[in-house]
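Colleague: Encoded as structure tokens, here's the structure I'll be asking about.
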Amino acid sequence: MPADFFRWLVNSPWTHAMNSHEWVFPAVQSLHFIGFALSIGTIAIVDLRLLGFGMRRQKPAELAADLEPWTRAGIAVMLITGPLMFSTDAVAYHYNPSFQFKMVCLMLALLFHFTIHRRAVRAGAPPIAAKLAGGMSLLLWTGVVAGGRMIAFI
Amino acid sequence: MSVPSILEWIQSTDVSVAIREGGLPYPIIGGVHLLTIALFGGMLLATDLRLLGWAIQRRPVSDVLSQLQPWKRLGFAVVVATGLLLAWAEPVRLYRSPSFWVKMAFFALVGVHALVFRAGVYRHPERLDAGITRHAKLAAALSLLLWAGLIVSGRLIAFDASFDE
């Protein structure tokens, strides 16, 4: 299955577009960076608040609600630009251990964000649960970024 | 001392050699540089978005800015420190990289931005609680542009000819 999928992907119009000029890849990658700064940065503000740092005058629920649209916009940018970069060299990424680690962290981080994390920011969540959720979220997103950086090296 | 000899000297220091050829230090420092952009870049965005009136509008400007400022400063310190270490490791290649000089130009503009807007906007955010001035909105919009420019030019360095192995 992966072989057929990769063959189809490499011949797709967006992969051709990504390879059409040498500036396209770095441009898409820069957008990817801006996307994750927006999403992970706003998530980190909420995580630090759950841990008792940062914007302590606001309740976590209020902060999360105010920042969520920007978090989601950032996630959307990441999830569009990421697969575009993947498509240019799918087989190499597929077998890269850093990429595999990044994808596992990303799946867990997204799942965590839209389930447990979402409940932990609500009013009435036990403080220990809030702290654990904030720490776990920071850890998972750190794994995503660190894994991403390591793709070029391992 | 000429520029090439200074660059050669930097490149020959123990720290430079250790980061460049030590295996793990370079990706780790690069990883921390990137993580800082992810974690603290978002705080800078939140500040600018608040000034533009696009986010966290339930809270006064001064409230948002004063709470985020220490984190922004910490992030700035870490991103500059890790950036300096990365530059120290590869001064010759960076000197020949056009994107590096574009990035340094953006960095200089960040300094100009601070000189121009600090007194009027960031030092007294409580004055903006009654209404965000056009001056403050301009500061926020320019800050976002400079920040995006730093990211794009920084990313482009790796694609410059001087970085082809």
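Quick note on naming: the chains in the structure tokens go A, B, ... in the order shown, residues restart at 1 in each chain, and ligands are numbered from 1 in order of appearance.
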Write out as a PyMOL selection string each polymer residue whose atoms come within 9 Å of Ala139 in chain B, counting only C-alpha atoms; drop sequence neighbours fewer than 3 positions from it.

Modeller: chain B and resi 48+51+113+116-117+121+134-136+142-144

Colleague: Mind writing the picked residues with N, CA and C atoms as a PDB file, in the first residue's frame?

Modeller:
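Written output follows (selection03.pdb):
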ATOM      1  N   ASP B  48       0.794  41.167  20.065  1.00  0.00           N
ATOM      2  CA  ASP B  48       0.481  41.984  18.888  1.00  0.00           C
ATOM      3  C   ASP B  48      -0.991  41.874  18.496  1.00  0.00           C
ATOM      4  N   LEU B  51      -3.001  44.032  20.711  1.00  0.00           N
ATOM      5  CA  LEU B  51      -2.873  45.450  20.338  1.00  0.00           C
ATOM      6  C   LEU B  51      -3.699  45.774  19.096  1.00  0.00           C
ATOM      7  N   HIS B 113      12.528  49.356  15.727  1.00  0.00           N
ATOM      8  CA  HIS B 113      11.137  49.268  16.153  1.00  0.00           C
ATOM      9  C   HIS B 113      11.013  49.555  17.652  1.00  0.00           C
ATOM     10  N   VAL B 116      11.624  53.240  18.383  1.00  0.00           N
ATOM     11  CA  VAL B 116      10.543  54.113  17.935  1.00  0.00           C
ATOM     12  C   VAL B 116       9.294  53.955  18.801  1.00  0.00           C
ATOM     13  N   PHE B 117       8.973  52.686  19.144  1.00  0.00           N
ATOM     14  CA  PHE B 117       7.661  52.445  19.751  1.00  0.00           C
ATOM     15  C   PHE B 117       7.669  52.169  21.256  1.00  0.00           C
ATOM     16  N   VAL B 121       4.272  53.125  23.221  1.00  0.00           N
ATOM     17  CA  VAL B 121       3.317  52.019  23.233  1.00  0.00           C
ATOM     18  C   VAL B 121       3.571  51.048  24.389  1.00  0.00           C
ATOM     19  N   ARG B 134      -3.824  54.466  16.870  1.00  0.00           N
ATOM     20  CA  ARG B 134      -3.344  53.982  15.569  1.00  0.00           C
ATOM     21  C   ARG B 134      -1.850  53.722  15.620  1.00  0.00           C
ATOM     22  N   HIS B 135      -1.166  54.549  16.414  1.00  0.00           N
ATOM     23  CA  HIS B 135       0.264  54.389  16.638  1.00  0.00           C
ATOM     24  C   HIS B 135       0.570  52.983  17.184  1.00  0.00           C
ATOM     25  N   ALA B 136      -0.231  52.548  18.163  1.00  0.00           N
ATOM     26  CA  ALA B 136      -0.016  51.228  18.781  1.00  0.00           C
ATOM     27  C   ALA B 136      -0.340  50.105  17.797  1.00  0.00           C
ATOM     28  N   LEU B 142       3.682  46.165  12.438  1.00  0.00           N
ATOM     29  CA  LEU B 142       5.084  46.124  12.021  1.00  0.00           C
ATOM     30  C   LEU B 142       5.840  45.025  12.758  1.00  0.00           C
ATOM     31  N   SER B 143       5.502  44.847  14.035  1.00  0.00           N
ATOM     32  CA  SER B 143       6.145  43.795  14.821  1.00  0.00           C
ATOM     33  C   SER B 143       5.866  42.415  14.216  1.00  0.00           C
ATOM     34  N   LEU B 144       4.610  42.183  13.813  1.00  0.00           N
ATOM     35  CA  LEU B 144       4.258  40.906  13.182  1.00  0.00           C
ATOM     36  C   LEU B 144       5.034  40.700  11.878  1.00  0.00           C
TER      37      LEU B 144
END

Colleague: Would you mind listing, as number ranges by chain, all residues of chain A that have at least one atom within 6 Å of chain B, where only C-alpha atoms are what counts?

Modeller: A: 30, 37-38, 40-42, 44, 55, 66, 146, 149

Colleague: Can you pull out every residue within 12 Å of Ala87 in chain B, counting only C-alpha atoms, but drop anything in the same chain fewer than 6 positions away, and send it as a list in words?

Modeller: Leu7, Ile10, Gln11, Val15, Ser16, Val17, Ile19, Arg20, Tyr26, Ile29, Gly30, His33, Val80, Ala81, Arg93, Leu94, Tyr95, Ser97, Phe100, Trp101, Met104, Gly154 and Ile157 of chain B

Colleague: As a PyMOL selection string, list the residues of chain B assigned to alpha helix (DSSP H) by DSSP on the backbone atoms of this structure.

Modeller: chain B and resi 3-12+14-21+25-51+61-89+91-95+98-117+134-157

Colleague: Hey, which of A:His117, A:His94, A:His32, A:Lys59 ends up closest to Leu138 in chain A? Count only C-alpha atoms.

Modeller: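 Residue with the minimum atom-to-atom distance to Leu138 in chain A: A:His117.
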
Colleague: What is the distance between CA of Val92 in chain B and CA of Ser162 in chain B, in Å to one decimal?

Modeller: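 Atom-to-atom, CA of Val92 in chain B to CA of Ser162 in chain B, that is 8.8 Å.
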
Colleague: Give me, as JSON, numbers by chain, all polymer residues having an atom no more than 9 Å from Met85 in chain A, counting only C-alpha atoms and skipping those fewer than 4 positions away in the same chain.

Modeller: {"A": [15, 18, 25, 28, 29, 81, 89, 90]}

Colleague: List the spatial neighbours of Trp14 in chain A as a PyMOL selection string - criterion: any atom at most 12 Å away, only C-alpha atoms, same-chain residues fewer than 3 positions off excluded.

Modeller: chain A and resi 8-11+17-20+24-25+28+80-81+83-88

Colleague: What's around Ala76 in chain A at 10 Å? Count only C-alpha atoms, leave out sequence neighbours fewer than 3 positions away in its own chain, and write the answer as an mmCIF file with N, CA and C atoms, in the first residue's frame.

Modeller:
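Once written, out38.cif looks like this:
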data_model
loop_
_atom_site.group_PDB
_atom_site.id
_atom_site.type_symbol
_atom_site.label_atom_id
_atom_site.label_comp_id
_atom_site.auth_asym_id
_atom_site.auth_seq_id
_atom_site.Cartn_x
_atom_site.Cartn_y
_atom_site.Cartn_z
ATOM 1 N N HIS A 32 5.057 26.969 7.590
ATOM 2 C CA HIS A 32 4.910 25.897 8.585
ATOM 3 C C HIS A 32 5.392 26.405 9.951
ATOM 4 N N GLY A 35 2.939 28.827 11.331
ATOM 5 C CA GLY A 35 1.774 28.072 11.790
ATOM 6 C C GLY A 35 2.003 27.428 13.144
ATOM 7 N N PHE A 36 3.183 26.840 13.337
ATOM 8 C CA PHE A 36 3.364 26.176 14.633
ATOM 9 C C PHE A 36 3.667 27.175 15.740
ATOM 10 N N SER A 39 0.107 28.099 16.700
ATOM 11 C CA SER A 39 -0.654 27.068 17.409
ATOM 12 C C SER A 39 0.032 26.656 18.708
ATOM 13 N N TRP A 70 -7.119 31.210 17.281
ATOM 14 C CA TRP A 70 -5.765 31.380 16.737
ATOM 15 C C TRP A 70 -5.011 30.059 16.779
ATOM 16 N N THR A 71 -5.250 29.276 17.847
ATOM 17 C CA THR A 71 -4.636 27.947 17.928
ATOM 18 C C THR A 71 -5.078 27.111 16.736
ATOM 19 N N ARG A 72 -6.380 27.137 16.455
ATOM 20 C CA ARG A 72 -6.917 26.321 15.358
ATOM 21 C C ARG A 72 -6.422 26.810 14.006
ATOM 22 N N ALA A 73 -6.325 28.131 13.845
ATOM 23 C CA ALA A 73 -5.788 28.665 12.587
ATOM 24 C C ALA A 73 -4.358 28.161 12.392
ATOM 25 N N LEU A 79 -1.119 21.742 9.316
ATOM 26 C CA LEU A 79 -1.583 20.492 8.713
ATOM 27 C C LEU A 79 -1.730 20.596 7.196
ATOM 28 N N ILE A 80 -1.680 21.809 6.648
ATOM 29 C CA ILE A 80 -1.659 21.960 5.185
ATOM 30 C C ILE A 80 -0.207 21.954 4.688
ATOM 31 N N THR A 81 0.645 22.767 5.356
ATOM 32 C CA THR A 81 2.023 22.903 4.876
ATOM 33 C C THR A 81 2.852 21.649 5.162
ATOM 34 N N GLY A 82 2.579 20.965 6.279
ATOM 35 C CA GLY A 82 3.346 19.761 6.624
ATOM 36 C C GLY A 82 3.242 18.674 5.553
#

Colleague: Within 12 Å of Leu50 in chain A, counting only C-alpha atoms, which residues show up once you throw out same-chain ones fewer than 3 positions away? Write them as an mmCIF file with C-alpha atoms, in the first residue's frame, please.

Modeller:
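Full text of around.cif as output:
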data_model
loop_
_atom_site.group_PDB
_atom_site.id
_atom_site.type_symbol
_atom_site.label_atom_id
_atom_site.label_comp_id
_atom_site.auth_asym_id
_atom_site.auth_seq_id
_atom_site.Cartn_x
_atom_site.Cartn_y
_atom_site.Cartn_z
ATOM 1 C CA ILE A 43 -1.268 26.325 23.486
ATOM 2 C CA ALA A 44 1.854 26.988 25.586
ATOM 3 C CA ILE A 45 0.259 30.125 27.066
ATOM 4 C CA VAL A 46 -2.683 27.982 28.258
ATOM 5 C CA ASP A 47 -0.357 25.164 29.418
ATOM 6 C CA PHE A 53 2.637 30.353 35.544
ATOM 7 C CA GLY A 54 2.153 33.250 33.201
ATOM 8 C CA MET A 55 -1.223 34.898 32.790
ATOM 9 C CA ARG A 56 -2.509 34.115 36.277
ATOM 10 C CA GLN A 58 -7.227 34.951 33.891
ATOM 11 C CA LYS A 59 -8.929 31.618 34.422
ATOM 12 C CA PRO A 60 -7.607 28.840 32.161
ATOM 13 C CA ALA A 61 -11.067 28.456 30.594
ATOM 14 C CA GLU A 62 -11.189 32.137 29.661
ATOM 15 C CA LEU A 63 -7.658 32.114 28.213
ATOM 16 C CA ALA A 64 -8.298 28.938 26.246
ATOM 17 C CA HIS A 117 -6.662 19.079 27.565
ATOM 18 C CA ARG A 118 -9.989 20.590 26.648
ATOM 19 C CA ARG A 119 -11.580 19.177 29.804
ATOM 20 C CA ALA A 120 -8.659 20.190 32.031
ATOM 21 C CA VAL A 121 -9.064 23.887 31.156
ATOM 22 C CA ARG A 122 -12.745 23.883 32.178
ATOM 23 C CA ALA A 123 -13.763 25.482 35.440
ATOM 24 C CA ALA A 125 -11.265 20.624 36.906
ATOM 25 C CA PRO A 126 -9.165 19.326 39.826
ATOM 26 C CA PRO A 127 -5.931 21.372 40.165
ATOM 27 C CA ILE A 128 -3.711 18.310 39.943
ATOM 28 C CA ALA A 129 -5.425 17.219 36.704
ATOM 29 C CA ALA A 130 -4.942 20.728 35.303
ATOM 30 C CA LYS A 131 -1.232 20.660 36.134
ATOM 31 C CA LEU A 132 -0.725 17.196 34.678
ATOM 32 C CA ALA A 133 -2.576 18.179 31.509
ATOM 33 C CA GLY A 134 -0.513 21.373 31.126
ATOM 34 C CA GLY A 135 2.768 19.502 31.624
ATOM 35 C CA MET A 136 1.758 16.653 29.316
ATOM 36 C CA SER A 137 0.690 19.049 26.577
ATOM 37 C CA LEU A 138 3.992 20.992 26.748
#

Colleague: Mind pulling up the distance from CA of Ala114 in chain B to CA of Trp88 in chain B?

Modeller: 25.5 Å

Colleague: Can you tell me how far CA of Ser2 in chain B sits from CA of Glu90 in chain B, in Å to one decimal?

Modeller: 17.4 Å

Colleague: Determine the nearest neighbour of Ile34 in chain A from the options B:Leu145, B:Val110, B:Ala119, B:Arg96, counting only C-alpha atoms.

Modeller: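 So, comparing all the options, the nearest one is B:Leu145.
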